[in-house]
$ cat my_file.cif   # mmCIF, C-alpha atoms and all ligand atoms
data_coords
#
loop_
_atom_site.label_atom_id
_atom_site.label_comp_id
_atom_site.auth_asym_id
_atom_site.auth_seq_id
_atom_site.Cartn_x
_atom_site.Cartn_y
_atom_site.Cartn_z
CA MET P 7 142.10 144.55 -24.94
CA SER P 8 144.67 147.31 -25.11
CA ALA P 9 144.00 150.41 -27.18
CA LEU P 10 146.63 149.45 -29.70
CA GLU P 11 145.29 146.01 -30.40
CA LEU P 12 143.59 146.38 -33.71
CA THR P 13 140.59 144.96 -35.42
CA PRO P 14 140.90 144.42 -39.19
CA ALA P 15 139.65 147.44 -41.08
CA ALA P 16 138.91 148.59 -44.57
CA ALA P 17 141.46 150.69 -46.45
CA LEU P 18 142.02 154.05 -44.85
CA PRO P 19 141.03 157.26 -46.52
CA PRO P 20 144.27 159.05 -47.42
CA LEU P 21 145.47 161.79 -45.15
CA PRO P 22 145.63 165.14 -46.85
CA ALA P 23 149.17 165.81 -48.04
CA HIS P 24 150.91 168.53 -46.04
CA ASP P 25 148.32 168.32 -43.27
CA ALA P 26 148.81 171.66 -41.60
CA ASP P 27 146.73 170.78 -38.52
CA ALA P 28 148.18 169.41 -35.33
CA VAL P 29 148.37 165.62 -35.27
CA LEU P 30 148.17 165.71 -31.53
CA GLN P 31 146.50 168.27 -29.30
CA VAL P 32 146.67 167.92 -25.55
CA SER P 33 144.89 170.22 -23.19
CA GLN P 34 145.12 170.32 -19.38
CA LEU P 35 146.15 166.66 -19.17
CA SER P 36 146.49 165.41 -15.59
CA LYS P 37 147.66 162.03 -14.38
CA SER P 38 148.55 160.81 -10.89
CA PHE P 39 149.66 157.50 -9.47
CA VAL P 40 148.40 157.09 -5.90
CA LYS P 41 149.92 160.16 -4.24
CA ARG P 42 152.26 161.17 -7.04
CA GLU P 43 151.09 163.75 -9.54
CA VAL P 44 153.04 162.98 -12.73
CA LEU P 45 151.35 165.15 -15.36
CA ARG P 46 149.95 168.51 -14.27
CA ALA P 47 147.52 170.31 -16.55
CA LEU P 48 149.83 169.58 -19.45
CA ASP P 49 149.21 171.38 -22.75
CA TRP P 50 150.93 170.24 -25.92
CA SER P 51 150.41 170.61 -29.62
CA VAL P 52 152.38 168.56 -32.13
CA PRO P 53 152.20 169.61 -35.77
CA ALA P 54 152.19 167.05 -38.59
CA GLY P 55 155.41 166.34 -40.38
CA ARG P 56 157.88 166.74 -37.54
CA VAL P 57 160.26 164.48 -35.62
CA ILE P 58 159.84 165.28 -31.94
CA GLY P 59 162.33 164.15 -29.33
CA LEU P 60 160.73 164.01 -25.90
CA LEU P 61 163.36 164.70 -23.27
CA GLY P 62 163.06 164.58 -19.52
CA ARG P 63 164.88 163.20 -16.55
CA ASN P 64 164.30 159.70 -15.21
CA GLY P 65 160.84 159.66 -13.70
CA ALA P 66 159.79 162.93 -15.37
CA GLY P 67 156.76 161.11 -16.81
CA LYS P 68 157.71 160.46 -20.46
CA THR P 69 156.38 156.90 -20.54
CA THR P 70 153.27 157.97 -18.65
CA LEU P 71 152.65 160.80 -21.12
CA LEU P 72 153.13 158.61 -24.20
CA ARG P 73 150.81 155.94 -22.79
CA CYS P 74 148.17 158.53 -21.89
CA LEU P 75 148.36 160.02 -25.39
CA LEU P 76 147.65 156.65 -26.96
CA GLY P 77 144.84 155.70 -24.58
CA LEU P 78 146.94 152.93 -23.00
CA SER P 79 146.70 154.51 -19.57
CA PRO P 80 143.58 156.25 -18.25
CA ILE P 81 143.86 159.99 -17.66
CA ASP P 82 142.55 161.85 -14.62
CA GLY P 83 141.62 165.04 -16.41
CA GLY P 84 142.02 167.07 -19.57
CA GLU P 85 141.67 166.17 -23.21
CA VAL P 86 143.76 164.41 -25.81
CA SER P 87 142.92 164.76 -29.46
CA LEU P 88 144.62 162.63 -32.13
CA PHE P 89 144.17 163.34 -35.84
CA GLY P 90 141.57 165.92 -34.92
CA ALA P 91 139.29 163.61 -32.89
CA PRO P 92 139.12 163.20 -29.11
CA MET P 93 140.95 160.18 -27.75
CA THR P 94 138.08 159.19 -25.48
CA GLU P 95 137.36 156.02 -27.45
CA PRO P 96 140.62 154.21 -28.17
CA GLY P 97 140.88 151.68 -30.96
CA GLY P 98 139.12 151.84 -34.28
CA GLU P 99 140.37 153.01 -37.62
CA ARG P 100 142.52 155.80 -36.26
CA MET P 101 144.76 153.29 -34.52
CA HIS P 102 145.85 151.99 -37.93
CA ARG P 103 147.59 155.30 -38.42
CA ILE P 104 149.60 154.96 -35.24
CA GLY P 105 152.71 152.90 -34.64
CA PHE P 106 153.91 152.38 -31.09
CA VAL P 107 157.17 150.94 -29.81
CA PRO P 108 156.92 150.40 -26.05
CA GLN P 109 159.90 150.53 -23.73
CA THR P 110 159.83 146.76 -23.31
CA PHE P 111 158.42 144.18 -25.64
CA ASP P 112 157.65 140.81 -24.16
CA LEU P 113 154.56 139.59 -25.97
CA PHE P 114 154.04 136.26 -27.72
CA PRO P 115 157.27 134.51 -26.61
CA TRP P 116 156.12 131.26 -28.22
CA MET P 117 155.70 132.81 -31.68
CA LYS P 118 158.36 132.82 -34.37
CA VAL P 119 159.39 136.20 -35.78
CA ARG P 120 157.89 135.56 -39.23
CA ALA P 121 154.63 134.22 -37.83
CA TYR P 122 154.34 137.18 -35.49
CA LEU P 123 154.80 139.68 -38.30
CA ASP P 124 152.35 137.83 -40.58
CA PHE P 125 149.84 137.71 -37.74
CA THR P 126 150.30 141.40 -37.01
CA ALA P 127 150.11 142.39 -40.70
CA ALA P 128 146.60 140.98 -40.93
CA PHE P 129 145.34 143.61 -38.49
CA TYR P 130 146.60 146.60 -40.42
CA ALA P 131 145.08 148.38 -43.36
CA ARG P 132 148.59 149.06 -44.69
CA TRP P 133 151.59 146.76 -44.32
CA ASN P 134 154.84 147.29 -46.19
CA ALA P 135 156.06 143.66 -46.35
CA PRO P 136 159.18 144.43 -48.46
CA LEU P 137 160.22 147.04 -45.87
CA ALA P 138 159.66 144.57 -43.00
CA ASP P 139 161.70 141.92 -44.85
CA ARG P 140 164.49 144.36 -45.62
CA LEU P 141 164.72 145.43 -41.97
CA LEU P 142 164.73 141.81 -40.78
CA GLY P 143 167.70 141.19 -43.08
CA GLU P 144 169.58 144.36 -42.23
CA TRP P 145 169.05 143.89 -38.52
CA GLN P 146 169.90 140.20 -38.69
CA LEU P 147 166.65 138.99 -37.21
CA ASP P 148 166.05 135.32 -37.97
CA PRO P 149 162.44 134.91 -39.13
CA LYS P 150 162.47 131.35 -37.77
CA GLN P 151 163.54 132.25 -34.25
CA LYS P 152 161.04 132.31 -31.40
CA ILE P 153 160.42 135.73 -29.85
CA GLY P 154 161.08 134.31 -26.38
CA GLN P 155 164.60 133.39 -27.51
CA LEU P 156 165.48 136.87 -28.80
CA SER P 157 167.78 139.16 -26.85
CA GLN P 158 166.34 142.41 -25.46
CA GLY P 159 167.90 144.38 -28.32
CA GLN P 160 166.57 141.95 -30.93
CA ARG P 161 163.09 142.24 -29.43
CA GLN P 162 163.35 145.99 -29.61
CA LYS P 163 164.32 145.73 -33.29
CA LEU P 164 161.32 143.47 -33.92
CA ALA P 165 159.04 145.94 -32.14
CA ILE P 166 160.41 148.70 -34.39
CA VAL P 167 159.85 146.61 -37.56
CA ARG P 168 156.31 145.93 -36.39
CA ALA P 169 155.69 149.63 -35.77
CA ILE P 170 157.20 150.89 -39.03
CA ALA P 171 155.79 148.27 -41.46
CA PRO P 172 152.21 149.65 -41.34
CA GLU P 173 153.65 152.99 -42.51
CA PRO P 174 151.96 154.88 -39.70
CA ASP P 175 151.19 158.57 -39.95
CA LEU P 176 152.16 158.94 -36.30
CA LEU P 177 154.97 156.83 -34.88
CA VAL P 178 155.41 156.93 -31.10
CA LEU P 179 158.47 155.31 -29.59
CA ASP P 180 159.33 155.04 -25.93
CA GLU P 181 163.12 154.94 -25.64
CA PRO P 182 163.31 152.85 -28.77
CA VAL P 183 167.06 152.60 -28.93
CA ALA P 184 167.87 151.89 -25.30
CA SER P 185 168.87 148.27 -25.99
CA LEU P 186 170.35 148.76 -29.45
CA ASP P 187 174.04 148.79 -30.23
CA PRO P 188 175.39 151.97 -31.88
CA GLN P 189 175.26 150.46 -35.37
CA ALA P 190 171.63 149.40 -35.01
CA ARG P 191 170.83 152.78 -33.44
CA ARG P 192 172.18 154.62 -36.45
CA ALA P 193 170.39 152.31 -38.87
CA PHE P 194 167.20 152.82 -36.93
CA MET P 195 167.50 156.59 -36.95
CA ALA P 196 168.17 156.48 -40.70
CA GLU P 197 164.98 154.45 -41.16
CA LEU P 198 163.07 156.96 -39.11
CA LEU P 199 164.27 159.80 -41.28
CA GLU P 200 163.43 157.81 -44.39
CA LEU P 201 159.93 157.34 -43.08
CA MET P 202 159.70 161.05 -42.41
CA ARG P 203 160.34 161.93 -46.02
CA ALA P 204 156.69 161.28 -46.78
CA PRO P 205 154.70 164.45 -46.21
CA GLY P 206 152.65 164.76 -43.06
CA LYS P 207 154.31 161.90 -41.13
CA THR P 208 155.08 162.56 -37.49
CA VAL P 209 157.42 160.81 -35.08
CA ILE P 210 157.49 161.30 -31.32
CA PHE P 211 160.19 159.47 -29.44
CA SER P 212 161.50 159.65 -25.93
CA THR P 213 165.20 159.18 -25.42
CA HIS P 214 168.13 160.04 -23.25
CA ILE P 215 170.57 159.81 -26.13
CA THR P 216 170.93 163.39 -27.24
CA ALA P 217 173.24 162.45 -30.15
CA ASP P 218 170.31 160.63 -31.78
CA LEU P 219 168.17 163.74 -31.57
CA GLU P 220 170.95 165.78 -33.13
CA ARG P 221 171.29 163.28 -35.97
CA ALA P 222 167.53 163.33 -36.55
CA ASP P 223 167.44 167.14 -36.45
CA ALA P 224 164.44 166.74 -34.18
CA ASP P 225 162.26 169.27 -32.46
CA ILE P 226 162.98 169.07 -28.77
CA ALA P 227 160.11 168.83 -26.30
CA LEU P 228 161.13 169.08 -22.68
CA LEU P 229 158.98 167.44 -20.01
CA ARG P 230 159.62 168.82 -16.56
CA ASP P 231 157.47 169.37 -13.47
CA GLY P 232 154.60 167.54 -15.14
CA ARG P 233 154.43 169.91 -18.11
CA ILE P 234 155.89 170.31 -21.56
CA GLN P 235 158.12 173.31 -21.00
CA PHE P 236 158.73 173.97 -24.70
CA THR P 237 158.77 172.28 -28.10
CA ARG P 238 161.29 173.90 -30.38
CA PRO P 239 163.45 172.88 -33.32
CA LEU P 240 166.94 171.97 -32.23
CA ALA P 241 168.45 174.43 -34.70
CA GLU P 242 166.33 177.21 -33.19
CA LEU P 243 167.42 176.32 -29.66
CA ARG P 244 170.98 176.34 -30.88
CA SER P 245 170.68 179.71 -32.54
CA HIS P 246 168.99 181.40 -29.58
CA LEU P 247 170.61 179.91 -26.50
CA ARG P 248 174.10 180.64 -25.27
CA ARG P 249 176.10 179.39 -22.36
CA VAL P 250 177.78 182.37 -20.76
CA VAL P 251 180.65 181.87 -18.33
CA LEU P 252 181.87 184.80 -16.24
CA THR P 253 185.01 184.18 -14.20
CA ARG P 254 186.50 186.35 -11.51
CA ALA P 255 188.96 185.61 -8.73
CA ALA P 256 186.75 187.14 -6.00
CA GLY P 257 183.99 184.64 -6.72
CA TRP P 258 180.26 185.46 -6.84
CA PRO P 259 178.05 186.10 -3.79
CA GLN P 260 175.14 185.49 -6.15
CA ALA P 261 174.75 184.78 -9.83
CA PRO P 262 174.60 187.89 -12.02
CA VAL P 263 171.27 188.65 -13.68
CA VAL P 264 171.04 189.43 -17.38
CA ALA P 265 168.16 189.84 -19.82
CA GLY P 266 167.00 186.48 -21.19
CA LEU P 267 168.45 184.51 -18.28
CA LEU P 268 167.04 180.96 -18.14
CA LYS P 269 169.29 179.39 -15.56
CA ALA P 270 172.26 180.44 -13.47
CA SER P 271 174.67 178.66 -11.18
CA VAL P 272 177.80 179.68 -9.32
CA LYS P 273 180.80 177.41 -8.86
CA GLY P 274 183.63 179.20 -7.07
CA GLU P 275 185.13 181.71 -9.48
CA ARG P 276 182.72 180.81 -12.26
CA ALA P 277 179.20 182.03 -12.81
CA GLU P 278 177.54 179.92 -15.50
CA LEU P 279 174.45 181.30 -17.18
CA LEU P 280 172.12 179.92 -19.82
CA VAL P 281 170.79 182.92 -21.70
CA GLU P 282 168.29 183.33 -24.50
CA ASP P 283 169.33 185.81 -27.19
CA PRO P 284 172.01 187.60 -25.18
CA THR P 285 173.39 190.84 -26.57
CA LEU P 286 177.14 190.96 -26.72
CA ASP P 287 177.25 194.62 -25.66
CA SER P 288 175.34 194.00 -22.43
CA LEU P 289 177.48 190.96 -21.58
CA ASP P 290 180.66 192.92 -22.28
CA ALA P 291 179.39 195.74 -20.04
CA LEU P 292 178.51 193.25 -17.29
CA ALA P 293 181.94 191.61 -17.50
CA ALA P 294 183.67 195.04 -17.33
CA ARG P 295 181.51 196.15 -14.38
CA GLU P 296 182.17 192.94 -12.45
CA GLN P 297 185.81 192.75 -13.50
CA ALA P 298 185.23 189.29 -14.88
CA THR P 299 186.40 187.48 -17.98
CA LEU P 300 183.67 186.51 -20.39
CA GLN P 301 183.21 183.32 -22.40
CA ILE P 302 180.23 182.71 -24.66
CA GLU P 303 179.58 179.22 -25.98
CA THR P 304 176.94 177.51 -28.07
CA PRO P 305 175.66 174.74 -25.83
CA THR P 306 175.41 171.17 -27.06
CA LEU P 307 172.06 169.48 -26.71
CA GLU P 308 173.51 167.48 -23.85
CA ASP P 309 174.50 170.75 -22.12
CA LEU P 310 170.97 172.04 -22.66
CA PHE P 311 169.47 168.86 -21.27
CA VAL P 312 171.67 169.01 -18.18
CA GLU P 313 170.83 172.70 -17.69
CA LEU P 314 167.11 172.61 -18.39
CA ALA P 315 165.75 169.19 -17.54
N1 LIG J 401 152.01 152.04 -12.77
C1 LIG J 401 152.56 152.92 -11.93
N2 LIG J 401 152.22 152.95 -10.64
C2 LIG J 401 152.73 153.86 -9.78
N3 LIG J 401 153.63 154.81 -10.15
C3 LIG J 401 154.02 154.83 -11.43
C4 LIG J 401 153.49 153.89 -12.40
N4 LIG J 401 154.05 154.18 -13.59
C5 LIG J 401 154.89 155.22 -13.40
N5 LIG J 401 154.85 155.62 -12.10
C6 LIG J 401 155.61 156.76 -11.52
O1 LIG J 401 155.38 157.88 -12.34
C7 LIG J 401 156.57 158.63 -12.47
C8 LIG J 401 156.90 158.80 -13.94
O2 LIG J 401 157.29 157.55 -14.48
P1 LIG J 401 157.61 157.37 -16.03
O3 LIG J 401 157.96 155.94 -16.24
O4 LIG J 401 156.50 157.93 -16.82
O5 LIG J 401 158.90 158.32 -16.18
P2 LIG J 401 159.96 158.41 -17.38
O6 LIG J 401 160.19 159.86 -17.63
O7 LIG J 401 159.48 157.59 -18.53
O8 LIG J 401 161.24 157.76 -16.71
P3 LIG J 401 162.52 157.02 -17.35
O9 LIG J 401 163.29 158.06 -18.11
O10 LIG J 401 163.25 156.53 -16.16
O11 LIG J 401 162.01 155.89 -18.23
C9 LIG J 401 157.64 157.88 -11.68
O12 LIG J 401 157.76 158.49 -10.40
C10 LIG J 401 157.08 156.50 -11.55
O13 LIG J 401 157.51 155.90 -10.36
#
$ encode --input "my_file.cif" --output "structure tokens"
Amino acid sequence: MSALELTPAAALPPLPAHDADAVLQVSQLSKSFVKREVLRALDWSVPAGRVIGLLGRNGAGKTTLLRCLLGLSPIDGGEVSLFGAPMTEPGGERMHRIGFVPQTFDLFPWMKVRAYLDFTAAFYARWNAPLADRLLGEWQLDPKQKIGQLSQGQRQKLAIVRAIAPEPDLLVLDEPVASLDPQARRAFMAELLELMRAPGKTVIFSTHITADLERADADIALLRDGRIQFTRPLAELRSHLRRVVLTRAAGWPQAPVVAGLLKASVKGERAELLVEDPTLDSLDALAAREQATLQIETPTLEDLFVELA
């Protein structure tokens, strides 16, 4: 039985409104597959009430991390605590507070959509049937169709309906929009934000589609080299990080170094720097000293992803 298969439970005690504590606390989490170390002493704390976009390159370990967090994949070391309790024993009442949308959904192909949702509803302490019905209608899912006959995108929509209907306090989605068309993607993101209006609700989703993160005004968590490098609100990243381009005809034997430098690369005449909180005076002085022209830009999230991931 997987950790997210539920046993029927009594009504849940309400979560305190504006829960200030971390929903998720990860300490020194390690996970390897055969010879490949995917997560390396990873620490992460996710506060309640935020939308977190988990970014990382292909193979960075996003799916592995999400599965480890939910007890779906055994961990080699470290600790995971969800809603303040260690995740050593998956299942139980706490799992009613968690919604999970896996990367692929291929369960119960013989079941019809309606029957599957009714069956699933019985396992949850909360189930918002009007919301599930509304989403089925909006996303044009035929309740009478068999799951096995749904397209990949339709299955993904069904998995999202299933995850949202129990009104989870923590919703975890592994590339939930990969198979959705742009219209469905937008509708889905709007639903997510709607869900987030309730105090204390938390969403963690992995994606490569940076535009979705921008629309959701998410906090960005970057997974690289087996660790969460940072978790910061997108607006904060935007306000602190600048892309600095210095151009000079003589080229650059090496990239110039400035205070707050996060990454530098040289391409012919151009030195491109990603800098945290640069001061204009020091950049002007550098440009004058090196006889270079100076350009300062606010990076898009996609730029940041390309630079940092
Ligand atoms: N069951 C498994 N057995 C062996 N190796 C695995 C297994 N699952 C994942 N891996 C390896 O772990 C690494 C991380 O994979 P994971 O799927 O977590 O990355 P990801 O960041 O989700 O990638 P993507 O963005 O492509 O979905 C990869 O090198 C992958 O090959």
$ closest_residue --input "my_file.cif" --among "P:Phe39, P:Trp116, P:Phe106, P:Phe311" --to "Ile81 of chain P" --atoms "all atoms listed in the file"
P:Phe39
$ residues_around --input "my_file.cif" --residues "Val52 of chain P" --least-positions-apart "2" --cutoff "10 Å" --atoms "all atoms listed in the file" --output "PyMOL selection string"
chain P and resi 27-32+50+54-58+88+208-210+225+227+237
$ residues_near_ligand --input "my_file.cif" --ligand "ligand LIG 401 (chain J)" --cutoff "8 Å" --atoms "all atoms listed in the file" --output "list in words"
Ser38, Phe39, Val40, Arg42, Glu43, Val44, Gly62, Arg63, Asn64, Gly65, Ala66, Gly67, Lys68, Thr69, Thr70, Leu71, Gln109, Asp180, Glu181, Ser212, Thr213 and His214 of chain P
$ closest_residue --input "my_file.cif" --among "P:Lys37, P:Ile170, P:Gly159, P:Leu72" --to "Glu200 of chain P" --atoms "only C-alpha atoms"
P:Ile170
$ atom_distance --input "my_file.cif" --atom1 "atom CA of Arg140 of chain P" --atom2 "atom CA of Ile153 of chain P"
18.4 Å
$ closest_residue --input "my_file.cif" --among "P:Arg203, P:Lys152, P:Arg230, P:His102" --to "Leu314 of chain P" --atoms "all atoms listed in the file"
P:Arg230
$ residues_around --input "my_file.cif" --residues "Gln301 of chain P" --least-positions-apart "2" --cutoff "9 Å" --atoms "only C-alpha atoms" --output "mmCIF file with C-alpha atoms, keeping the file's coordinate frame"
data_model
loop_
_atom_site.group_PDB
_atom_site.id
_atom_site.type_symbol
_atom_site.label_atom_id
_atom_site.label_comp_id
_atom_site.auth_asym_id
_atom_site.auth_seq_id
_atom_site.Cartn_x
_atom_site.Cartn_y
_atom_site.Cartn_z
ATOM 1 C CA ARG P 249 176.100 179.390 -22.360
ATOM 2 C CA VAL P 250 177.780 182.370 -20.760
ATOM 3 C CA VAL P 251 180.650 181.870 -18.330
ATOM 4 C CA LEU P 252 181.870 184.800 -16.240
ATOM 5 C CA THR P 253 185.010 184.180 -14.200
ATOM 6 C CA THR P 299 186.400 187.480 -17.980
ATOM 7 C CA GLU P 303 179.580 179.220 -25.980
#
$ closest_residue --input "my_file.cif" --among "P:Ala171, P:Val312, P:Leu279, P:Leu286" --to "Asn134 of chain P" --atoms "only C-alpha atoms"
P:Ala171
$ axis_aligned_box --input "my_file.cif" --around "segment 237-244 of chain P" --padding-each-side "6 Å" --output "AutoDock Vina command-line options"
--center_x 164.9 --center_y 174.6 --center_z -31.4 --size_x 24.2 --size_y 17.2 --size_z 18.6
$ residues_around --input "my_file.cif" --residues "Pro182 of chain P" --least-positions-apart "3" --cutoff "10 Å" --atoms "only C-alpha atoms" --output "CSV table (one decimal) with C-alpha atoms, in the coordinates of the input"
chain,number,residue,atom,x,y,z
P,106,PHE,CA,153.9,152.4,-31.1
P,107,VAL,CA,157.2,150.9,-29.8
P,108,PRO,CA,156.9,150.4,-26.0
P,109,GLN,CA,159.9,150.5,-23.7
P,110,THR,CA,159.8,146.8,-23.3
P,159,GLY,CA,167.9,144.4,-28.3
P,162,GLN,CA,163.4,146.0,-29.6
P,163,LYS,CA,164.3,145.7,-33.3
P,165,ALA,CA,159.0,145.9,-32.1
P,166,ILE,CA,160.4,148.7,-34.4
P,178,VAL,CA,155.4,156.9,-31.1
P,179,LEU,CA,158.5,155.3,-29.6
P,185,SER,CA,168.9,148.3,-26.0
P,186,LEU,CA,170.4,148.8,-29.4
P,191,ARG,CA,170.8,152.8,-33.4
P,194,PHE,CA,167.2,152.8,-36.9
P,195,MET,CA,167.5,156.6,-37.0
P,211,PHE,CA,160.2,159.5,-29.4
P,212,SER,CA,161.5,159.6,-25.9
P,213,THR,CA,165.2,159.2,-25.4
$ residues_around --input "my_file.cif" --residues "Pro284 of chain P" --least-positions-apart "4" --cutoff "8 Å" --atoms "only C-alpha atoms" --output "JSON, numbers by chain"
{"P": [247, 248, 265, 266, 288, 289]}
$ atom_distance --input "my_file.cif" --atom1 "atom CA of Gly274 of chain P" --atom2 "atom CA of Leu300 of chain P"
15.2 Å
$ atom_distance --input "my_file.cif" --atom1 "atom CA of Pro92 of chain P" --atom2 "atom CA of Asp223 of chain P"
29.5 Å
$ closest_residue --input "my_file.cif" --among "P:Ala277, P:Ala131, P:Leu35, P:Ala291" --to "Glu99 of chain P" --atoms "only C-alpha atoms"
P:Ala131
$ residues_around --input "my_file.cif" --residues "Trp133 of chain P" --least-positions-apart "5" --cutoff "10 Å" --atoms "only C-alpha atoms" --output "number ranges by chain"
P: 123-124, 126-128, 138, 168-174
$ closest_residue --input "my_file.cif" --among "P:Pro115, P:Pro262, P:Pro149, P:Gly105" --to "Leu201 of chain P" --atoms "only C-alpha atoms"
P:Gly105
